[in-house]
Structures are given as C-alpha cells and as structure tokens.
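As stored in input-v1.cif (mmCIF, C-alpha atoms):
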```cif
data_query
loop_
_atom_site.group_PDB
_atom_site.id
_atom_site.type_symbol
_atom_site.label_atom_id
_atom_site.label_comp_id
_atom_site.auth_asym_id
_atom_site.auth_seq_id
_atom_site.Cartn_x
_atom_site.Cartn_y
_atom_site.Cartn_z
ATOM 1 C CA MET A 1 66.204 158.035 177.025
ATOM 2 C CA ILE A 2 64.090 161.091 176.231
ATOM 3 C CA LEU A 3 61.801 160.379 179.189
ATOM 4 C CA GLY A 4 64.785 160.136 181.526
ATOM 5 C CA PHE A 5 66.144 163.406 180.169
ATOM 6 C CA ILE A 6 62.809 165.157 180.737
ATOM 7 C CA LEU A 7 62.501 163.756 184.263
ATOM 8 C CA PHE A 8 66.026 164.892 185.087
ATOM 9 C CA LEU A 9 65.310 168.408 183.819
ATOM 10 C CA LEU A 10 62.094 168.543 185.841
ATOM 11 C CA PHE A 11 63.984 167.447 188.937
ATOM 12 C CA PHE A 12 66.718 170.009 188.326
ATOM 13 C CA ALA A 13 64.233 172.811 187.669
ATOM 14 C CA THR A 14 62.287 171.957 190.828
ATOM 15 C CA LEU A 15 65.464 171.835 192.887
ATOM 16 C CA THR A 16 66.680 175.148 191.488
ATOM 17 C CA TYR A 17 63.318 176.818 192.077
ATOM 18 C CA THR A 18 63.033 175.629 195.674
ATOM 19 C CA ARG A 19 66.736 175.813 196.623
ATOM 20 C CA PHE A 20 68.499 178.075 194.176
ATOM 21 C CA SER A 21 71.910 177.580 195.767
ATOM 22 C CA PHE A 22 71.589 173.804 195.367
ATOM 23 C CA GLY A 23 70.723 174.274 191.705
ATOM 24 C CA ILE A 24 73.908 176.285 191.197
ATOM 25 C CA SER A 25 75.901 173.570 192.962
ATOM 26 C CA VAL A 26 74.427 170.749 190.878
ATOM 27 C CA MET A 27 75.042 172.658 187.661
ATOM 28 C CA LEU A 28 78.700 173.250 188.541
ATOM 29 C CA LEU A 29 79.102 169.661 189.679
ATOM 30 C CA LEU A 30 77.917 168.545 186.236
ATOM 31 C CA LEU A 31 80.219 170.900 184.360
ATOM 32 C CA PRO A 32 81.619 168.170 182.049
ATOM 33 C CA THR A 33 78.122 167.621 180.649
ATOM 34 C CA TYR A 34 78.940 170.291 178.082
ATOM 35 C CA LEU A 35 80.457 167.335 176.234
ATOM 36 C CA ILE A 36 76.972 165.831 175.788
ATOM 37 C CA ARG A 37 75.886 167.504 172.572
ATOM 38 C CA PHE A 38 72.571 167.325 170.751
ATOM 39 C CA SER A 39 70.208 169.544 168.784
ATOM 40 C CA LEU A 40 66.838 171.036 169.599
ATOM 41 C CA GLY A 41 65.447 171.391 166.124
ATOM 42 C CA PRO A 42 67.985 173.414 164.127
ATOM 43 C CA LEU A 43 69.765 174.691 167.247
ATOM 44 C CA PRO A 44 72.814 172.773 168.509
ATOM 45 C CA THR A 45 73.188 172.738 172.275
ATOM 46 C CA THR A 46 74.623 170.757 175.181
ATOM 47 C CA LEU A 47 73.221 169.311 178.376
ATOM 48 C CA PHE A 48 75.178 171.818 180.440
ATOM 49 C CA GLU A 49 73.740 174.696 178.419
ATOM 50 C CA ILE A 50 70.222 173.438 179.106
ATOM 51 C CA LEU A 51 71.015 173.384 182.834
ATOM 52 C CA PHE A 52 72.478 176.865 182.600
ATOM 53 C CA LEU A 53 69.444 178.259 180.780
ATOM 54 C CA THR A 54 67.186 176.670 183.394
ATOM 55 C CA VAL A 55 69.127 178.447 186.136
ATOM 56 C CA CYS A 56 68.946 181.731 184.212
ATOM 57 C CA PHE A 57 65.200 181.599 183.647
ATOM 58 C CA ILE A 58 64.464 180.677 187.255
ATOM 59 C CA TRP A 59 66.770 183.393 188.560
ATOM 60 C CA LEU A 60 65.164 186.006 186.308
ATOM 61 C CA ALA A 61 61.671 184.886 187.267
ATOM 62 C CA ARG A 62 62.247 184.761 191.020
ATOM 63 C CA PHE A 63 65.123 187.063 191.905
ATOM 64 C CA GLY A 64 66.279 188.906 188.809
ATOM 65 C CA ARG A 65 64.628 192.295 189.228
ATOM 66 C CA GLN A 66 65.376 192.696 192.928
ATOM 67 C CA SER A 67 68.898 191.282 192.637
ATOM 68 C CA LEU A 68 69.869 193.463 189.694
ATOM 69 C CA ALA A 69 68.484 196.539 191.419
ATOM 70 C CA ARG A 70 70.498 195.683 194.516
ATOM 71 C CA VAL A 71 73.683 195.236 192.494
ATOM 72 C CA ILE A 72 73.189 198.529 190.652
ATOM 73 C CA GLU A 73 72.431 200.425 193.858
ATOM 74 C CA THR A 74 75.477 199.039 195.654
ATOM 75 C CA LYS A 75 78.262 201.588 195.322
ATOM 76 C CA HIS A 76 80.903 198.958 196.036
ATOM 77 C CA THR A 77 79.933 197.092 192.865
ATOM 78 C CA TRP A 78 80.557 200.090 190.647
ATOM 79 C CA GLY A 79 83.326 201.661 192.709
ATOM 80 C CA PRO A 80 86.577 202.953 191.210
ATOM 81 C CA GLN A 81 88.315 199.681 192.104
ATOM 82 C CA HIS A 82 86.081 197.874 189.602
ATOM 83 C CA TYR A 83 86.193 200.351 186.716
ATOM 84 C CA PHE A 84 89.049 198.499 185.045
ATOM 85 C CA LEU A 85 87.264 195.139 185.288
ATOM 86 C CA ILE A 86 83.970 196.503 183.979
ATOM 87 C CA SER A 87 85.692 198.357 181.138
ATOM 88 C CA ALA A 88 87.643 195.228 180.210
ATOM 89 C CA ILE A 89 84.459 193.142 180.119
ATOM 90 C CA VAL A 90 82.700 195.691 177.905
ATOM 91 C CA LEU A 91 85.641 195.884 175.495
ATOM 92 C CA PHE A 92 85.953 192.106 175.479
ATOM 93 C CA LEU A 93 82.283 191.616 174.614
ATOM 94 C CA THR A 94 82.409 194.376 172.004
ATOM 95 C CA GLY A 95 85.364 192.761 170.268
ATOM 96 C CA ALA A 96 83.736 189.330 170.395
ATOM 97 C CA THR A 97 80.486 190.699 168.971
ATOM 98 C CA LEU A 98 82.189 192.542 166.118
ATOM 99 C CA SER A 99 84.207 189.458 165.214
ATOM 100 C CA VAL A 100 80.990 187.527 164.590
ATOM 101 C CA PHE A 101 80.208 189.731 161.594
ATOM 102 C CA THR A 102 83.644 189.152 160.081
ATOM 103 C CA ALA A 103 83.647 185.379 160.549
ATOM 104 C CA VAL A 104 83.683 183.037 157.573
ATOM 105 C CA ASP A 105 81.068 180.779 159.169
ATOM 106 C CA MET A 106 78.664 183.108 160.968
ATOM 107 C CA ARG A 107 76.539 180.258 162.346
ATOM 108 C CA ALA A 108 79.538 178.660 164.053
ATOM 109 C CA ALA A 109 80.747 182.068 165.215
ATOM 110 C CA LEU A 110 77.369 182.824 166.785
ATOM 111 C CA GLY A 111 77.525 179.519 168.642
ATOM 112 C CA GLU A 112 80.936 180.336 170.074
ATOM 113 C CA TRP A 113 79.861 183.919 170.833
ATOM 114 C CA LYS A 114 76.914 182.617 172.822
ATOM 115 C CA ALA A 115 78.730 179.833 174.669
ATOM 116 C CA PHE A 116 82.124 181.419 175.338
ATOM 117 C CA TYR A 117 81.269 185.095 175.837
ATOM 118 C CA ILE A 118 77.620 185.917 176.505
ATOM 119 C CA GLU A 119 76.667 183.027 178.788
ATOM 120 C CA PRO A 120 79.742 183.355 181.056
ATOM 121 C CA CYS A 121 79.015 187.072 181.488
ATOM 122 C CA ILE A 122 75.393 186.326 182.358
ATOM 123 C CA PHE A 123 76.560 183.740 184.882
ATOM 124 C CA PHE A 124 78.971 186.300 186.331
ATOM 125 C CA ILE A 125 76.059 188.698 186.896
ATOM 126 C CA ILE A 126 73.970 185.971 188.544
ATOM 127 C CA LEU A 127 76.796 184.947 190.862
ATOM 128 C CA THR A 128 77.625 188.554 191.752
ATOM 129 C CA ALA A 129 74.030 189.279 192.706
ATOM 130 C CA SER A 130 73.608 185.989 194.579
ATOM 131 C CA LEU A 131 76.825 186.412 196.555
ATOM 132 C CA GLN A 132 75.837 189.938 197.546
ATOM 133 C CA GLN A 133 72.485 188.590 198.682
ATOM 134 C CA TYR A 134 74.319 186.004 200.779
ATOM 135 C CA LYS A 135 76.384 188.712 202.459
ATOM 136 C CA LYS A 136 73.244 190.600 203.464
ATOM 137 C CA ASN A 137 71.020 187.670 204.390
ATOM 138 C CA ARG A 138 72.417 184.152 204.354
ATOM 139 C CA ARG A 139 68.969 182.583 204.516
ATOM 140 C CA ALA A 140 67.475 184.545 201.647
ATOM 141 C CA PRO A 141 66.034 182.330 198.856
ATOM 142 C CA GLY A 142 68.376 183.698 196.191
ATOM 143 C CA ALA A 143 71.522 183.703 198.301
ATOM 144 C CA VAL A 144 74.479 181.607 197.183
ATOM 145 C CA SER A 145 77.461 181.092 199.470
ATOM 146 C CA PRO A 146 81.042 180.753 198.186
ATOM 147 C CA ASN A 147 81.020 177.111 199.297
ATOM 148 C CA HIS A 148 78.069 176.403 197.002
ATOM 149 C CA ILE A 149 80.358 177.449 194.144
ATOM 150 C CA LEU A 150 83.795 176.210 195.169
ATOM 151 C CA VAL A 151 82.912 172.818 196.662
ATOM 152 C CA PRO A 152 81.062 171.387 193.614
ATOM 153 C CA LEU A 153 83.846 172.629 191.353
ATOM 154 C CA LEU A 154 86.370 170.885 193.570
ATOM 155 C CA LEU A 155 84.292 167.695 193.643
ATOM 156 C CA CYS A 156 84.042 167.747 189.864
ATOM 157 C CA GLY A 157 87.781 168.305 189.637
ATOM 158 C CA LEU A 158 88.409 165.467 192.075
ATOM 159 C CA ALA A 159 86.347 163.057 189.973
ATOM 160 C CA THR A 160 88.151 164.200 186.829
ATOM 161 C CA SER A 161 91.573 163.815 188.417
ATOM 162 C CA ILE A 162 90.791 160.329 189.764
ATOM 163 C CA LEU A 163 89.741 159.235 186.280
ATOM 164 C CA ALA A 164 92.907 160.753 184.804
ATOM 165 C CA ILE A 165 95.114 158.982 187.352
ATOM 166 C CA TYR A 166 93.333 155.703 186.636
ATOM 167 C CA GLN A 167 93.927 156.255 182.927
ATOM 168 C CA HIS A 168 97.625 156.779 183.583
ATOM 169 C CA PHE A 169 97.937 153.213 184.835
ATOM 170 C CA THR A 170 95.426 151.526 182.522
ATOM 171 C CA GLY A 171 94.990 153.647 179.384
ATOM 172 C CA TRP A 172 91.228 153.241 179.682
ATOM 173 C CA MET A 173 89.239 155.573 177.389
ATOM 174 C CA VAL A 174 92.372 157.394 176.199
ATOM 175 C CA PRO A 175 92.397 157.971 172.414
ATOM 176 C CA HIS A 176 95.220 156.164 170.629
ATOM 177 C CA ALA A 177 96.680 159.455 169.407
ATOM 178 C CA PHE A 178 97.486 160.446 172.986
ATOM 179 C CA TRP A 179 98.402 157.068 174.435
ATOM 180 C CA ALA A 180 100.545 154.522 172.638
ATOM 181 C CA ASN A 181 101.152 156.615 169.542
ATOM 182 C CA GLY A 182 104.704 157.903 169.775
ATOM 183 C CA ASP A 183 104.984 156.756 173.392
ATOM 184 C CA SER A 184 103.291 159.952 174.564
ATOM 185 C CA TYR A 185 101.054 158.291 177.162
ATOM 186 C CA ARG A 186 99.009 161.386 177.976
ATOM 187 C CA VAL A 187 95.743 161.082 179.885
ATOM 188 C CA THR A 188 92.592 162.833 178.700
ATOM 189 C CA ALA A 189 89.908 162.050 181.336
ATOM 190 C CA TRP A 190 86.537 162.532 179.624
ATOM 191 C CA TYR A 191 87.626 165.475 177.505
ATOM 192 C CA GLY A 192 89.250 163.487 174.721
ATOM 193 C CA PHE A 193 92.418 165.596 174.687
ATOM 194 C CA PRO A 194 95.117 166.126 177.345
ATOM 195 C CA ASN A 195 95.034 169.911 177.491
ATOM 196 C CA GLY A 196 91.384 169.716 178.525
ATOM 197 C CA VAL A 197 92.548 168.114 181.769
ATOM 198 C CA GLY A 198 95.105 170.852 182.361
ATOM 199 C CA LEU A 199 92.746 173.692 181.479
ATOM 200 C CA PHE A 200 90.113 172.486 183.939
ATOM 201 C CA LEU A 201 92.214 171.207 186.827
ATOM 202 C CA ALA A 202 95.030 173.762 186.957
ATOM 203 C CA PRO A 203 92.819 176.645 188.213
ATOM 204 C CA LEU A 204 91.322 174.340 190.844
ATOM 205 C CA VAL A 205 94.662 173.749 192.579
ATOM 206 C CA PRO A 206 94.747 177.293 194.067
ATOM 207 C CA VAL A 207 91.075 176.822 194.979
ATOM 208 C CA ALA A 208 91.963 173.640 196.874
ATOM 209 C CA ILE A 209 94.801 175.440 198.654
ATOM 210 C CA TYR A 210 92.479 178.291 199.608
ATOM 211 C CA ILE A 211 89.833 175.909 200.966
ATOM 212 C CA PHE A 212 92.496 173.964 202.869
ATOM 213 C CA LEU A 213 93.938 177.082 204.523
ATOM 214 C CA ASP A 214 90.498 178.541 205.231
ATOM 215 C CA THR A 215 89.338 175.259 206.779
ATOM 216 C CA ILE A 216 92.419 175.069 208.996
ATOM 217 C CA LYS A 217 91.638 178.591 210.178
ATOM 218 C CA SER A 218 87.988 177.701 210.824
ATOM 219 C CA MET A 219 88.884 174.585 212.794
ATOM 220 C CA ARG A 220 90.716 176.706 215.351
ATOM 221 C CA THR A 221 87.419 178.279 216.381
ATOM 222 C CA ARG A 222 85.041 175.433 215.420
ATOM 223 C CA PRO A 223 87.084 172.259 215.806
ATOM 224 C CA HIS A 224 84.289 169.700 216.129
ATOM 225 C CA GLN A 225 81.982 170.559 213.238
ATOM 226 C CA TRP A 226 81.608 167.739 210.732
ATOM 227 C CA HIS A 227 81.489 169.911 207.630
ATOM 228 C CA THR A 228 84.861 171.494 208.413
ATOM 229 C CA SER A 229 86.365 168.015 208.680
ATOM 230 C CA MET A 230 84.807 167.087 205.338
ATOM 231 C CA MET A 231 86.171 170.242 203.726
ATOM 232 C CA LEU A 232 89.625 169.497 205.106
ATOM 233 C CA PHE A 233 89.476 165.947 203.752
ATOM 234 C CA LEU A 234 88.216 167.080 200.338
ATOM 235 C CA SER A 235 90.838 169.788 199.925
ATOM 236 C CA SER A 236 93.642 167.532 201.179
ATOM 237 C CA ILE A 237 92.806 164.747 198.719
ATOM 238 C CA SER A 238 92.422 167.276 195.908
ATOM 239 C CA LEU A 239 95.860 168.734 196.591
ATOM 240 C CA VAL A 240 97.276 165.302 195.804
ATOM 241 C CA THR A 241 95.125 164.194 192.871
ATOM 242 C CA LEU A 242 94.766 167.472 190.949
ATOM 243 C CA PRO A 243 98.502 168.148 190.410
ATOM 244 C CA LEU A 244 99.085 164.472 189.599
ATOM 245 C CA ALA A 245 96.390 164.531 186.921
ATOM 246 C CA VAL A 246 97.837 167.684 185.339
ATOM 247 C CA LEU A 247 101.284 166.089 185.448
ATOM 248 C CA TYR A 248 100.056 162.865 183.838
ATOM 249 C CA ALA A 249 98.278 164.877 181.141
ATOM 250 C CA LYS A 250 101.672 166.399 180.297
ATOM 251 C CA SER A 251 99.966 169.709 179.676
ATOM 252 C CA THR A 252 102.646 172.393 179.641
ATOM 253 C CA GLY A 253 100.078 175.173 179.754
ATOM 254 C CA GLY A 254 98.296 173.493 182.639
ATOM 255 C CA LEU A 255 101.509 173.090 184.619
ATOM 256 C CA VAL A 256 102.520 176.710 184.024
ATOM 257 C CA GLY A 257 99.031 177.920 184.918
ATOM 258 C CA MET A 258 98.970 175.809 188.073
ATOM 259 C CA ILE A 259 102.316 177.161 189.252
ATOM 260 C CA GLY A 260 101.272 180.712 188.391
ATOM 261 C CA GLY A 261 97.970 180.348 190.226
ATOM 262 C CA ILE A 262 99.684 179.009 193.327
ATOM 263 C CA GLY A 263 102.162 181.881 193.159
ATOM 264 C CA LEU A 264 99.395 184.481 192.938
ATOM 265 C CA LEU A 265 97.544 182.883 195.836
ATOM 266 C CA LEU A 266 100.657 182.865 198.018
ATOM 267 C CA PHE A 267 101.393 186.446 196.984
ATOM 268 C CA TRP A 268 97.884 187.403 198.106
ATOM 269 C CA TYR A 269 98.571 186.338 201.704
ATOM 270 C CA LYS A 270 100.673 188.817 203.660
ATOM 271 C CA LYS A 271 102.629 186.113 205.486
ATOM 272 C CA THR A 272 103.834 184.512 202.258
ATOM 273 C CA ARG A 273 103.979 187.611 200.053
ATOM 274 C CA TRP A 274 107.663 188.467 200.368
ATOM 275 C CA PRO A 275 108.976 184.875 200.233
ATOM 276 C CA THR A 276 106.857 184.311 197.119
ATOM 277 C CA ALA A 277 108.159 187.489 195.490
ATOM 278 C CA LEU A 278 111.721 186.453 196.330
ATOM 279 C CA LEU A 279 111.227 183.006 194.803
ATOM 280 C CA ALA A 280 109.718 184.583 191.679
ATOM 281 C CA VAL A 281 112.726 186.875 191.271
ATOM 282 C CA ILE A 282 115.147 183.986 191.781
ATOM 283 C CA GLY A 283 113.221 181.906 189.260
ATOM 284 C CA MET A 284 113.490 184.624 186.618
ATOM 285 C CA LEU A 285 117.244 184.984 187.041
#
```
For the structure just supplied, provide its representation as structure tokens.
Amino acid sequence: MILGFILFLLFFATLTYTRFSFGISVMLLLLPTYLIRFSLGPLPTTLFEILFLTVCFIWLARFGRQSLARVIETKHTWGPQHYFLISAIVLFLTGATLSVFTAVDMRAALGEWKAFYIEPCIFFIILTASLQQYKKNRRAPGAVSPNHILVPLLLCGLATSILAIYQHFTGWMVPHAFWANGDSYRVTAWYGFPNGVGLFLAPLVPVAIYIFLDTIKSMRTRPHQWHTSMMLFLSSISLVTLPLAVLYAKSTGGLVGMIGGIGLLLFWYKKTRWPTALLAVIGML
C-alpha cells in the first residue's frame, strides 16, 4: 500500500514536472481524493492535498518567479475592474485569519484555515499566472489552457453523477440515514452525504452548458476535428447526468445553485440576456 502510494506520487510529480498542464488536469480529475484522509506524523492531511502541494512546489521551482513577475507587471491583472475582487479576497483572508485566534479548537481551525482559505487562494494565483502564460504562448512549459481545467472537472463530475444515478436505482454505498430511513432515498455518491453531490455538481452544469455552446461554435469553423466531437459528446452527456444526480440527491441548495448558475450564464450572453431577465422578473412575481 505504502509502496503503491509512493510510486503514484513519483509518477504524478514526474508528469507535473514534464507537462505541468497535465499535472493540473490529473489533480482536478482526482478532486474527490480529498476524502482519503491520513496523517504524516502529527499532521493530518489528504491525498488531494498531497497532490496540490506537489503542484505548488513544482510550479514555484520551475515557473513561480517568472510567472508572478508577469502577473504583477500585467496592468490588466491589477486594473480597476479587479479592485473589488482583490479587495474582497484580502478582506476574506483577513477575517479567516483573525477567526483562527478566537477559535475554541485552534488546531482544527488552523486545518480549516489552510484547506479552505489559504490553499484555494494559492491555487487561484497559480491558475491566473498559468492562464496568462497560455494566452501569450500556448506552447510554453507553464501554460495551462482553460480546457485543461474545465474538462477534468467535467469528467470528475460525470463520474460522480453516474455513480449517484446508479445509487438512485440500487442504493449501493448510500448510508442508511439517507436511504431507507424515513423514506428519504437521497443519493450521496462517494461523499457520504447528499448535499456533497449538490455542492460539487451544481456549479458544473453551467460549465457543461458553456462547453457545449463553445463546441457548437467551434464546429462551424472546424467541423471534422475529433476533439471537438469528444467535447460535444462529453458536454451533452453531462447535461443529462449532472442535473439528474442533483435531483436524486434532493439537495435544495444544489438545485437553487444550479438554476442560478444557468441563469447567470444565460444572462452573460447577449442573445439570451433580455429573455433571461424577463423570466427572472416573472419568477419573482
């Protein structure tokens, strides 16, 4: 077991070092591995966190200095249109940091502070720098395309939704508290609780819609490329399985978030902006 774990980490580190974009994709594809928990000495961690730290160290060693300098020098990154976002992130992190010192269990609070606040912000910086590198030079070693981010997330969501749909008909792996108890019959996938399905899959529905529409647009100019056909197939299947899984999880928050995300996406497009706004007004009446 330990040997297999070490070999997997060596493989992942080698892949990330040689093809950084592939490392990002594999890490996002294995997002549910945060459920695999263990300790390294006195420090509790997860498999996903180990993958994330591997990506961070390799990025810092190979691309960090140049990428950060490029991000800082780019006026668009720090333009007025981003002041609100940057200020919100700073305030958010400040509040999270101060709350650690007022927590009853500081050790547990530090764990949540690291996993839920600091690491996502670090990943945001890495993705921002890598996407900017992709815009300037698609073949650069540290460049990461949007597809290297969105496609593995969608594949992970597809696998999760298929498991959830299978659970709906079989009850396999569903804890008793969410299945036969009280006739609730709520699916949980591998998260162990229904809202985990909704929280993960609901944001991916707008992503699937975006990929579907973008692929349709691309096929008008490049109709015979195999990867566009694969993207169309992936997004089409996801648009069926993802909403079904959220529905079978009976996650009210997930359903509301999914509808809200779809509404925002449709509002973003000029062709559907006014019909979406009209439907929103009618829905609030």
Exercise: A:Gly142 partners within 12 Å, all atoms listed in the file, chain neighbours under 6 positions left out, as a ChimeraX atom specification: /A:16-24,55,58-68,126-136
Could those residues be written to a file, using C-alpha atoms, as an mmCIF file, in the coordinates of the input?
```
data_model
loop_
_atom_site.group_PDB
_atom_site.id
_atom_site.type_symbol
_atom_site.label_atom_id
_atom_site.label_comp_id
_atom_site.auth_asym_id
_atom_site.auth_seq_id
_atom_site.Cartn_x
_atom_site.Cartn_y
_atom_site.Cartn_z
ATOM 1 C CA THR A 16 66.680 175.148 191.488
ATOM 2 C CA TYR A 17 63.318 176.818 192.077
ATOM 3 C CA THR A 18 63.033 175.629 195.674
ATOM 4 C CA ARG A 19 66.736 175.813 196.623
ATOM 5 C CA PHE A 20 68.499 178.075 194.176
ATOM 6 C CA SER A 21 71.910 177.580 195.767
ATOM 7 C CA PHE A 22 71.589 173.804 195.367
ATOM 8 C CA GLY A 23 70.723 174.274 191.705
ATOM 9 C CA ILE A 24 73.908 176.285 191.197
ATOM 10 C CA VAL A 55 69.127 178.447 186.136
ATOM 11 C CA ILE A 58 64.464 180.677 187.255
ATOM 12 C CA TRP A 59 66.770 183.393 188.560
ATOM 13 C CA LEU A 60 65.164 186.006 186.308
ATOM 14 C CA ALA A 61 61.671 184.886 187.267
ATOM 15 C CA ARG A 62 62.247 184.761 191.020
ATOM 16 C CA PHE A 63 65.123 187.063 191.905
ATOM 17 C CA GLY A 64 66.279 188.906 188.809
ATOM 18 C CA ARG A 65 64.628 192.295 189.228
ATOM 19 C CA GLN A 66 65.376 192.696 192.928
ATOM 20 C CA SER A 67 68.898 191.282 192.637
ATOM 21 C CA LEU A 68 69.869 193.463 189.694
ATOM 22 C CA ILE A 126 73.970 185.971 188.544
ATOM 23 C CA LEU A 127 76.796 184.947 190.862
ATOM 24 C CA THR A 128 77.625 188.554 191.752
ATOM 25 C CA ALA A 129 74.030 189.279 192.706
ATOM 26 C CA SER A 130 73.608 185.989 194.579
ATOM 27 C CA LEU A 131 76.825 186.412 196.555
ATOM 28 C CA GLN A 132 75.837 189.938 197.546
ATOM 29 C CA GLN A 133 72.485 188.590 198.682
ATOM 30 C CA TYR A 134 74.319 186.004 200.779
ATOM 31 C CA LYS A 135 76.384 188.712 202.459
ATOM 32 C CA LYS A 136 73.244 190.600 203.464
#
```
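Comparing A:Val100, A:Met219, A:Ile262, A:Ala177 by their smallest distance to A:Pro203, the closest is A:Ile262 (using all atoms listed in the file).
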Can you give me, as a VMD selection string, the residues this file yields under the PyMOL selection byres ((chain A and resi 246-249) around 6)? chain A and resid 186 to 187 194 198 243 to 245 250 to 251
Step by step, work through what the PyMOL selection byres ((chain A and resi 274-280) around 12) selects in the shown file, and finish by giving those residues as a PDB file with C-alpha atoms, in the coordinates of the input.
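Saved file out00.pdb follows:
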```
ATOM      1  CA  ILE A 259     102.316 177.161 189.252  1.00  0.00           C
ATOM      2  CA  GLY A 260     101.272 180.712 188.391  1.00  0.00           C
ATOM      3  CA  GLY A 261      97.970 180.348 190.226  1.00  0.00           C
ATOM      4  CA  ILE A 262      99.684 179.009 193.327  1.00  0.00           C
ATOM      5  CA  GLY A 263     102.162 181.881 193.159  1.00  0.00           C
ATOM      6  CA  LEU A 264      99.395 184.481 192.938  1.00  0.00           C
ATOM      7  CA  LEU A 265      97.544 182.883 195.836  1.00  0.00           C
ATOM      8  CA  LEU A 266     100.657 182.865 198.018  1.00  0.00           C
ATOM      9  CA  PHE A 267     101.393 186.446 196.984  1.00  0.00           C
ATOM     10  CA  TRP A 268      97.884 187.403 198.106  1.00  0.00           C
ATOM     11  CA  TYR A 269      98.571 186.338 201.704  1.00  0.00           C
ATOM     12  CA  LYS A 270     100.673 188.817 203.660  1.00  0.00           C
ATOM     13  CA  LYS A 271     102.629 186.113 205.486  1.00  0.00           C
ATOM     14  CA  THR A 272     103.834 184.512 202.258  1.00  0.00           C
ATOM     15  CA  ARG A 273     103.979 187.611 200.053  1.00  0.00           C
ATOM     16  CA  VAL A 281     112.726 186.875 191.271  1.00  0.00           C
ATOM     17  CA  ILE A 282     115.147 183.986 191.781  1.00  0.00           C
ATOM     18  CA  GLY A 283     113.221 181.906 189.260  1.00  0.00           C
ATOM     19  CA  MET A 284     113.490 184.624 186.618  1.00  0.00           C
ATOM     20  CA  LEU A 285     117.244 184.984 187.041  1.00  0.00           C
TER      21      LEU A 285
END
```
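Between A:Asn195 and the candidates A:Leu93, A:Ala140, A:Ile165, A:Leu255, the tightest atom-to-atom separation, counting all atoms listed in the file, involves A:Leu255.
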I'd like the contact shell of stretch 32-41 of chain A - 10 Å cut-off, all atoms listed in the file, skipping same-chain residues fewer than 5 positions apart - returned as a ChimeraX atom specification. /A:27,46-51,156-157,160,190-192,200
From the list A:Ile118, A:Phe124, A:Phe193, A:Leu31, the nearest residue to A:Phe178 using all atoms listed in the file is A:Phe193
Quick one, how far is atom CA of A:Ala88 from atom CA of A:Thr54? 27.8 Å
Write out, as a tab-separated table, each residue of stretch 114-187 of chain A that has an atom at most 10 Å from stretch 211-217 of chain A, together with the closest pair of atoms and their distance in Å to one decimal, counting all atoms listed in the file, rows going by chain and rising number.
```
residue	atom	partner	partner_atom	distance
A:Asn147	CA	A:Ile211	CA	9.0
A:Leu150	CA	A:Ile211	CA	8.4
A:Val151	CA	A:Ile211	CA	8.7
A:Leu154	CA	A:Ile211	CA	9.6
```
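Atom CA of A:Phe169 sits 28.0 Å away from atom CA of A:Met231.
Straight-line separation from atom CA of A:Ala202 to atom CA of A:Leu28: 16.4 Å.
With all atoms listed in the file as the atoms that count, the minimum distance from A:Leu239 to the choices A:Ala96, A:Leu10, A:Leu204, A:Ala108 is reached by A:Leu204.
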Is it possible to produce a file of stretch 82-98 of chain A from this structure, with N, CA and C atoms, as a CSV table (one decimal), in the first residue's frame?
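Output contents, as saved in decode.csv:
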```csv
chain,number,residue,atom,x,y,z
A,82,HIS,N,-10.7,44.9,-11.4
A,82,HIS,CA,-10.4,43.9,-10.5
A,82,HIS,C,-10.1,44.3,-9.1
A,83,TYR,N,-10.3,45.6,-8.8
A,83,TYR,CA,-10.0,46.1,-7.5
A,83,TYR,C,-11.0,45.5,-6.5
A,84,PHE,N,-12.3,45.4,-6.9
A,84,PHE,CA,-13.3,44.9,-5.9
A,84,PHE,C,-12.9,43.4,-5.6
A,85,LEU,N,-12.6,42.6,-6.6
A,85,LEU,CA,-12.2,41.2,-6.4
A,85,LEU,C,-11.0,41.1,-5.4
A,86,ILE,N,-10.0,41.8,-5.7
A,86,ILE,CA,-8.8,41.7,-4.9
A,86,ILE,C,-9.0,42.2,-3.5
A,87,SER,N,-9.8,43.3,-3.3
A,87,SER,CA,-10.1,43.8,-2.0
A,87,SER,C,-10.9,42.8,-1.2
A,88,ALA,N,-11.9,42.1,-1.9
A,88,ALA,CA,-12.7,41.1,-1.3
A,88,ALA,C,-11.9,39.9,-0.8
A,89,ILE,N,-10.9,39.5,-1.7
A,89,ILE,CA,-10.1,38.4,-1.3
A,89,ILE,C,-9.2,38.7,0.0
A,90,VAL,N,-8.7,39.9,0.0
A,90,VAL,CA,-7.9,40.3,1.1
A,90,VAL,C,-8.7,40.4,2.4
A,91,LEU,N,-9.9,41.0,2.3
A,91,LEU,CA,-10.8,41.0,3.5
A,91,LEU,C,-11.2,39.7,3.9
A,92,PHE,N,-11.5,38.8,3.0
A,92,PHE,CA,-11.9,37.4,3.3
A,92,PHE,C,-10.8,36.7,4.0
A,93,LEU,N,-9.6,36.8,3.5
A,93,LEU,CA,-8.4,36.1,4.2
A,93,LEU,C,-8.1,36.7,5.5
A,94,THR,N,-8.3,38.0,5.6
A,94,THR,CA,-8.0,38.7,6.9
A,94,THR,C,-9.0,38.2,8.0
A,95,GLY,N,-10.3,38.1,7.6
A,95,GLY,CA,-11.3,37.7,8.5
A,95,GLY,C,-11.1,36.2,8.9
A,96,ALA,N,-10.7,35.4,7.9
A,96,ALA,CA,-10.5,34.0,8.2
A,96,ALA,C,-9.3,33.8,9.1
A,97,THR,N,-8.2,34.6,8.9
A,97,THR,CA,-7.0,34.5,9.8
A,97,THR,C,-7.3,35.0,11.2
A,98,LEU,N,-8.0,36.0,11.3
A,98,LEU,CA,-8.4,36.5,12.7
A,98,LEU,C,-9.2,35.5,13.5
```
